[in-house]
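Structure first, commentary second.
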Amino acid sequence: DLLALLALAGVLFFQLLVPPVVALSNNGDFGKVLGVFALGSPVEDEYAYAPIHFRFAPTFYYRSGFISSEFLPASAALALSSFFSKSGMVDVRFAGVVHASLFVLAIYLLVPVLAQYFGPRMRAAIILAITVVLGDVMYASLLNSFYMDAAAYVFLVLATTLFLRAVFFGSRLDASLAIAGCAAFAGSKAQHAIMGVPLAVMLLSLRGALRSYALACAGAALVLAISIFTIVSAPRDYVQSAVYDVLFTGILPDSSAPSKDLAAFGLSSSYAAYVGTHAYSDNTGLKDPEFVAAFSSRGTYAALLRFFIGNPARTYRLLCRALGQAGRQRAGLGNFDRGVGYPPFFESQGFANWSRLKRVLFADRGSRYLWFTAGLLGLLVLQAIRSHE
């Protein structure tokens, strides 16, 4: 167990700490977390390079309006930096240490659960399999970043382990910490918050296994409340941008009747001029006050949901296209600091076997990705049913 855990920690910390350091470049989202600290890096490095050092400056001050659980590990990273840094700058590796430590802690806490079923060699094999999969650079590079998704990732892994411990060992401490992990995951980012709903249902359905009905019900209510708060507290223009992208870069480009589809959202055919643009394009419709006035009340998640339900075949095609893009696995962002000397957008090739295999299987094969995932989930459900018989 110890050797396997050391191998996991070694793979992660080698990538995150040993030069050339592997990180994930900023696509503009770091400011949603770091802006309140007036902390940032050169704008010209965004997307292409992953700066190691971040500096404090009044020009970086920004109140985004977002509330995310990523503020917790980010604050811990800044606290470590203030103690160790001689230059006054913040090294992204402190964020990597915090995120990776939480991840390794989760796998360490998983070992007693595995011991209920497996001997030492099989446990070591499972941990090494976790190392190959989740130690891949596609996941490890996220840990050296200030993305809100980093919090979603580590808190979900922690919540999963703690939930299993609560079920197997009947520990109310584990159950309470699992609920906290679920809440932190749901509160990481608006896009992930919707997953708080099935998590709340899971807590309620397994209230007997948690040995406390009151705790399970209180936990479900907390996770659901955090999910709702995270969604409704997101800035209004953030919602508009998300709906805009789905409509004008997802639905309309392949439409045989754009005017009809626009009418389904209460928009006139004149808005077809924006087809193919996204929220941050130079010619985006969101820069037109007249457009924003019309779109703010009509471009909603509810409107998208109605469209998807009413057009199942197109919804399926759109989902397959999106999954085909996701099948690339890597984010298409640079992994190295400009000073390392690699070209812009250069991606680390070390510890990339798992993501490379998945790319071969799923890149531009969205339907395969969808049905493989559905089949895997189906097998898990069948196994769960069998385990209760």
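Residues are referred to by chain and number: the chain letter is A, B, ... according to the order shown in the structure tokens, the number counts from 1 in that chain, and ligands are numbered separately from 1 in the order shown.
Using only C-alpha atoms, the protein and nucleic acid residues lying no more than 12 Å from A:Ala279, apart from those fewer than 3 places from it along its own chain, are A:Asp237, A:Tyr238, A:Val239, A:Gln240, A:Ser241, A:Ala242, A:Val243, A:Tyr244, A:Asp245, A:Val246, A:Leu247, A:Phe248, A:Thr249, A:Tyr274, A:Val275, A:Gly276, A:Asp282, A:Asn283, A:Thr284, A:Gly285, A:Leu286, A:Lys287, A:Asp288, A:Val292.
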Run DSSP on the backbone of this structure and report the residues of stretch 127-327 of chain A it assigns to helix (DSSP H, G or I), as a PyMOL selection string. chain A and resi 127-134+137-143+148-169+172-186+190-193+196-205+213-232+236-254+258-264+269-274+285-287+289-295+301-310+312-326
For stretch 149-257 of chain A versus stretch 74-96 of chain A, which residues have an atom no more than 12 Å away, and what is each residue's nearest atom pair and distance in Å rounded to one decimal, using only C-alpha atoms, chain-then-number order, as a Markdown table?
| residue | atom | partner | partner_atom | distance |
| --- | --- | --- | --- | --- |
| A:Ala150 | CA | A:Gly96 | CA | 9.6 |
| A:Ala151 | CA | A:Ala74 | CA | 9.2 |
| A:Val154 | CA | A:Gly96 | CA | 11.3 |
Convert the current residue selection to file output with C-alpha atoms, as a PDB file, in the first residue's frame.
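Saved result, result_29.pdb, follows:
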ATOM      1  CA  ALA A 150      -9.527  21.968 -10.067  1.00  0.00           C
ATOM      2  CA  ALA A 151     -11.636  22.287  -6.922  1.00  0.00           C
ATOM      3  CA  VAL A 154     -10.285  17.104  -6.007  1.00  0.00           C
TER       4      VAL A 154
END
Nearby residues (only C-alpha atoms) at most 8 Å from stretch 352-355 of chain A, same-chain spacing under 4 positions excluded, as a CSV table (one decimal) with C-alpha atoms, in the first residue's frame:
chain,number,residue,atom,x,y,z
A,132,VAL,CA,-1.9,5.4,-14.7
A,133,VAL,CA,-5.3,6.9,-15.2
A,136,ASP,CA,-2.1,11.2,-16.6
A,137,VAL,CA,-1.0,14.7,-17.5
A,138,MET,CA,-4.5,15.6,-18.7
A,329,GLN,CA,-9.0,14.7,-24.0
A,330,ARG,CA,-6.4,17.5,-23.7
A,348,SER,CA,3.6,17.9,-22.3
A,359,ARG,CA,-7.8,10.2,-27.9
Taking the DSSP assignment computed from this structure's backbone, write out as a PyMOL selection string all residues of stretch 28-231 of chain A that belong to strand (DSSP E). chain A and resi 39-40+53-56+90-91
Could those residues be written to a file, using all heavy atoms, as a tab-separated table (two decimals), in the first residue's frame?
chain	number	residue	atom	x	y	z
A	39	LEU	N	-4.16	39.47	-8.03
A	39	LEU	CA	-3.05	38.60	-8.42
A	39	LEU	C	-3.26	38.17	-9.87
A	39	LEU	O	-4.38	37.83	-10.28
A	39	LEU	CB	-3.01	37.37	-7.51
A	39	LEU	CG	-1.86	36.38	-7.70
A	39	LEU	CD1	-0.53	37.02	-7.34
A	39	LEU	CD2	-2.11	35.14	-6.84
A	40	GLY	N	-2.19	38.17	-10.65
A	40	GLY	CA	-2.33	37.77	-12.04
A	40	GLY	C	-1.01	37.53	-12.73
A	40	GLY	O	0.06	37.56	-12.11
A	53	HIS	N	4.98	31.93	-12.24
A	53	HIS	CA	4.92	32.96	-11.21
A	53	HIS	C	3.82	33.98	-11.50
A	53	HIS	O	3.63	34.42	-12.63
A	53	HIS	CB	6.27	33.68	-11.11
A	53	HIS	CG	7.39	32.78	-10.69
A	53	HIS	ND1	8.34	32.29	-11.56
A	53	HIS	CD2	7.69	32.23	-9.47
A	53	HIS	CE1	9.18	31.51	-10.90
A	53	HIS	NE2	8.80	31.46	-9.65
A	54	PHE	N	3.09	34.33	-10.44
A	54	PHE	CA	2.02	35.31	-10.51
A	54	PHE	C	2.38	36.45	-9.56
A	54	PHE	O	2.90	36.22	-8.48
A	54	PHE	CB	0.69	34.67	-10.09
A	54	PHE	CG	0.19	33.63	-11.05
A	54	PHE	CD1	0.78	32.37	-11.10
A	54	PHE	CD2	-0.87	33.89	-11.90
A	54	PHE	CE1	0.34	31.40	-11.98
A	54	PHE	CE2	-1.33	32.93	-12.79
A	54	PHE	CZ	-0.73	31.69	-12.83
A	55	ARG	N	2.08	37.67	-9.98
A	55	ARG	CA	2.45	38.82	-9.17
A	55	ARG	C	1.22	39.62	-8.76
A	55	ARG	O	0.17	39.59	-9.42
A	55	ARG	CB	3.43	39.72	-9.93
A	55	ARG	CG	2.87	40.34	-11.20
A	55	ARG	CD	3.94	41.14	-11.94
A	55	ARG	NE	3.42	41.74	-13.16
A	55	ARG	CZ	2.85	42.93	-13.21
A	55	ARG	NH1	2.71	43.66	-12.11
A	55	ARG	NH2	2.40	43.42	-14.36
A	56	PHE	N	1.37	40.34	-7.66
A	56	PHE	CA	0.31	41.21	-7.17
A	56	PHE	C	0.44	42.58	-7.85
A	56	PHE	O	1.54	43.13	-7.95
A	56	PHE	CB	0.40	41.39	-5.66
A	56	PHE	CG	0.13	40.12	-4.88
A	56	PHE	CD1	1.19	39.33	-4.44
A	56	PHE	CD2	-1.16	39.73	-4.61
A	56	PHE	CE1	0.95	38.16	-3.73
A	56	PHE	CE2	-1.41	38.56	-3.89
A	56	PHE	CZ	-0.36	37.78	-3.45
A	90	VAL	N	3.74	34.76	-6.30
A	90	VAL	CA	3.09	33.49	-5.96
A	90	VAL	C	3.46	32.46	-7.03
A	90	VAL	O	3.26	32.68	-8.22
A	90	VAL	CB	1.56	33.64	-5.88
A	90	VAL	CG1	0.89	32.28	-5.67
A	90	VAL	CG2	1.19	34.59	-4.75
A	91	ASP	N	4.00	31.35	-6.59
A	91	ASP	CA	4.38	30.26	-7.48
A	91	ASP	C	3.19	29.31	-7.63
A	91	ASP	O	2.61	28.87	-6.63
A	91	ASP	CB	5.57	29.51	-6.90
A	91	ASP	CG	6.24	28.59	-7.90
A	91	ASP	OD1	5.52	27.81	-8.55
A	91	ASP	OD2	7.48	28.63	-8.01
Please identify all polymer residues within 12 Å of A:Ser25, counting only C-alpha atoms, omitting same-chain residues fewer than 4 positions from it, and present them as a PyMOL selection string. chain A and resi 21+29-30+41-53+92+141-147+331-338+344-347
Would you please work out which residue, of A:Leu164, A:Leu323, A:Leu379, A:Val201, is nearest to A:Gly366 when using only C-alpha atoms? A:Leu323
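Minimum atom-to-atom distances from A:Phe307, A:Phe71, A:Phe185, A:Tyr301 to A:Leu224 were compared using only C-alpha atoms, and the lowest value belongs to A:Phe185.
Taking atom CA of A:Leu8 and atom CA of A:Gly187 as endpoints, the distance between them is 27.3 Å.
The nearest approach to A:Leu318 among the residues A:Tyr139, A:Ser255, A:Asp149, A:Val22, with only C-alpha atoms taken into account, belongs to A:Ser255.
The space separating atom CA of A:Arg172 from atom CA of A:Ile107 comes to 19.5 Å.
Using only C-alpha atoms, the contacts of A:Leu162 at a cut-off of 9 Å, with sequence neighbours closer than 5 positions omitted, comprise Ala106, Leu109, Leu110, Val157, Val167, Asp174, Ala175, Ser176, Leu177, Ala178, Ile179 and Gly181 of chain A.
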Same residues, N, CA and C atoms, saved as an mmCIF file, in the first residue's frame:
data_model
loop_
_atom_site.group_PDB
_atom_site.id
_atom_site.type_symbol
_atom_site.label_atom_id
_atom_site.label_comp_id
_atom_site.auth_asym_id
_atom_site.auth_seq_id
_atom_site.Cartn_x
_atom_site.Cartn_y
_atom_site.Cartn_z
ATOM 1 N N ALA A 106 -7.125 11.552 -0.518
ATOM 2 C CA ALA A 106 -8.331 10.788 -0.846
ATOM 3 C C ALA A 106 -7.996 9.333 -1.148
ATOM 4 N N LEU A 109 -7.059 7.489 2.024
ATOM 5 C CA LEU A 109 -8.245 7.138 2.812
ATOM 6 C C LEU A 109 -9.047 6.013 2.179
ATOM 7 N N LEU A 110 -8.811 5.776 0.891
ATOM 8 C CA LEU A 110 -9.516 4.692 0.200
ATOM 9 C C LEU A 110 -8.954 3.321 0.548
ATOM 10 N N VAL A 157 -13.344 13.677 -5.785
ATOM 11 C CA VAL A 157 -12.593 12.473 -5.420
ATOM 12 C C VAL A 157 -12.610 12.276 -3.903
ATOM 13 N N VAL A 167 -20.145 4.550 4.483
ATOM 14 C CA VAL A 167 -21.012 3.396 4.273
ATOM 15 C C VAL A 167 -20.400 2.132 4.877
ATOM 16 N N ASP A 174 -16.804 10.554 8.906
ATOM 17 C CA ASP A 174 -16.628 10.356 7.469
ATOM 18 C C ASP A 174 -17.862 10.837 6.710
ATOM 19 N N ALA A 175 -19.055 10.533 7.246
ATOM 20 C CA ALA A 175 -20.287 10.952 6.578
ATOM 21 C C ALA A 175 -20.380 12.478 6.508
ATOM 22 N N SER A 176 -20.037 13.133 7.601
ATOM 23 C CA SER A 176 -20.089 14.605 7.623
ATOM 24 C C SER A 176 -19.092 15.205 6.644
ATOM 25 N N LEU A 177 -17.883 14.621 6.606
ATOM 26 C CA LEU A 177 -16.870 15.122 5.680
ATOM 27 C C LEU A 177 -17.249 14.819 4.233
ATOM 28 N N ALA A 178 -17.916 13.685 4.000
ATOM 29 C CA ALA A 178 -18.380 13.366 2.653
ATOM 30 C C ALA A 178 -19.413 14.391 2.187
ATOM 31 N N ILE A 179 -20.302 14.759 3.076
ATOM 32 C CA ILE A 179 -21.305 15.784 2.747
ATOM 33 C C ILE A 179 -20.621 17.110 2.445
ATOM 34 N N GLY A 181 -17.623 17.457 1.294
ATOM 35 C CA GLY A 181 -16.987 17.301 -0.009
ATOM 36 C C GLY A 181 -17.975 17.449 -1.146
#
All residues 12 Å or closer to A:Glu290, only C-alpha atoms, same chain fewer than 4 positions away omitted, as a PyMOL selection string: chain A and resi 267+270-271+285-286+294-296
Residues from last step as file, C-alpha atoms, as a PDB file, in the first residue's frame:
ATOM      1  CA  LEU A 267     -35.536  36.145 -31.852  1.00  0.00           C
ATOM      2  CA  SER A 270     -31.873  39.370 -38.369  1.00  0.00           C
ATOM      3  CA  TYR A 271     -29.870  37.672 -35.629  1.00  0.00           C
ATOM      4  CA  GLY A 285     -23.946  39.888 -30.694  1.00  0.00           C
ATOM      5  CA  LEU A 286     -23.392  40.457 -26.991  1.00  0.00           C
ATOM      6  CA  ALA A 294     -33.766  41.078 -26.540  1.00  0.00           C
ATOM      7  CA  PHE A 295     -31.580  38.113 -25.628  1.00  0.00           C
ATOM      8  CA  SER A 296     -31.472  38.615 -21.856  1.00  0.00           C
TER       9      SER A 296
END
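Every protein or nucleic acid residue with an atom no more than 8 Å from A:Ala125, counting only C-alpha atoms and leaving out same-chain residues fewer than 4 positions away, appears here: Ala4, Arg121 and Ala129 of chain A.
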Residue with the minimum atom-to-atom distance to A:Leu156, picked from A:Arg63, A:Arg236, A:Arg123, A:His99 with only C-alpha atoms counted, is A:His99
Give one line per residue of stretch 67-115 of chain A that approaches stretch 193-196 of chain A to at most 12 Å, naming the two atoms of the closest pair and their distance in Å to one decimal, counting only C-alpha atoms; sort by chain then ascending residue number and deliver it as a tab-separated table.
residue	atom	partner	partner_atom	distance
A:Ile67	CA	A:Ala193	CA	11.7
A:Ser68	CA	A:Ala193	CA	10.4
A:Ser69	CA	A:Ala193	CA	11.3
For A:Ser227, which residue among A:Ala190, A:Val36, A:Leu72, A:Ala7 is the nearest when counting only C-alpha atoms? A:Ala190
For A:Ala303, the nearest of the candidates A:Leu262, A:Ala225, A:Ala272, A:Ala200, counting only C-alpha atoms: A:Leu262
May I ask for the distance between atom CA of A:Met148 and atom CA of A:Ser188, given in Å to one decimal place? 5.8 Å
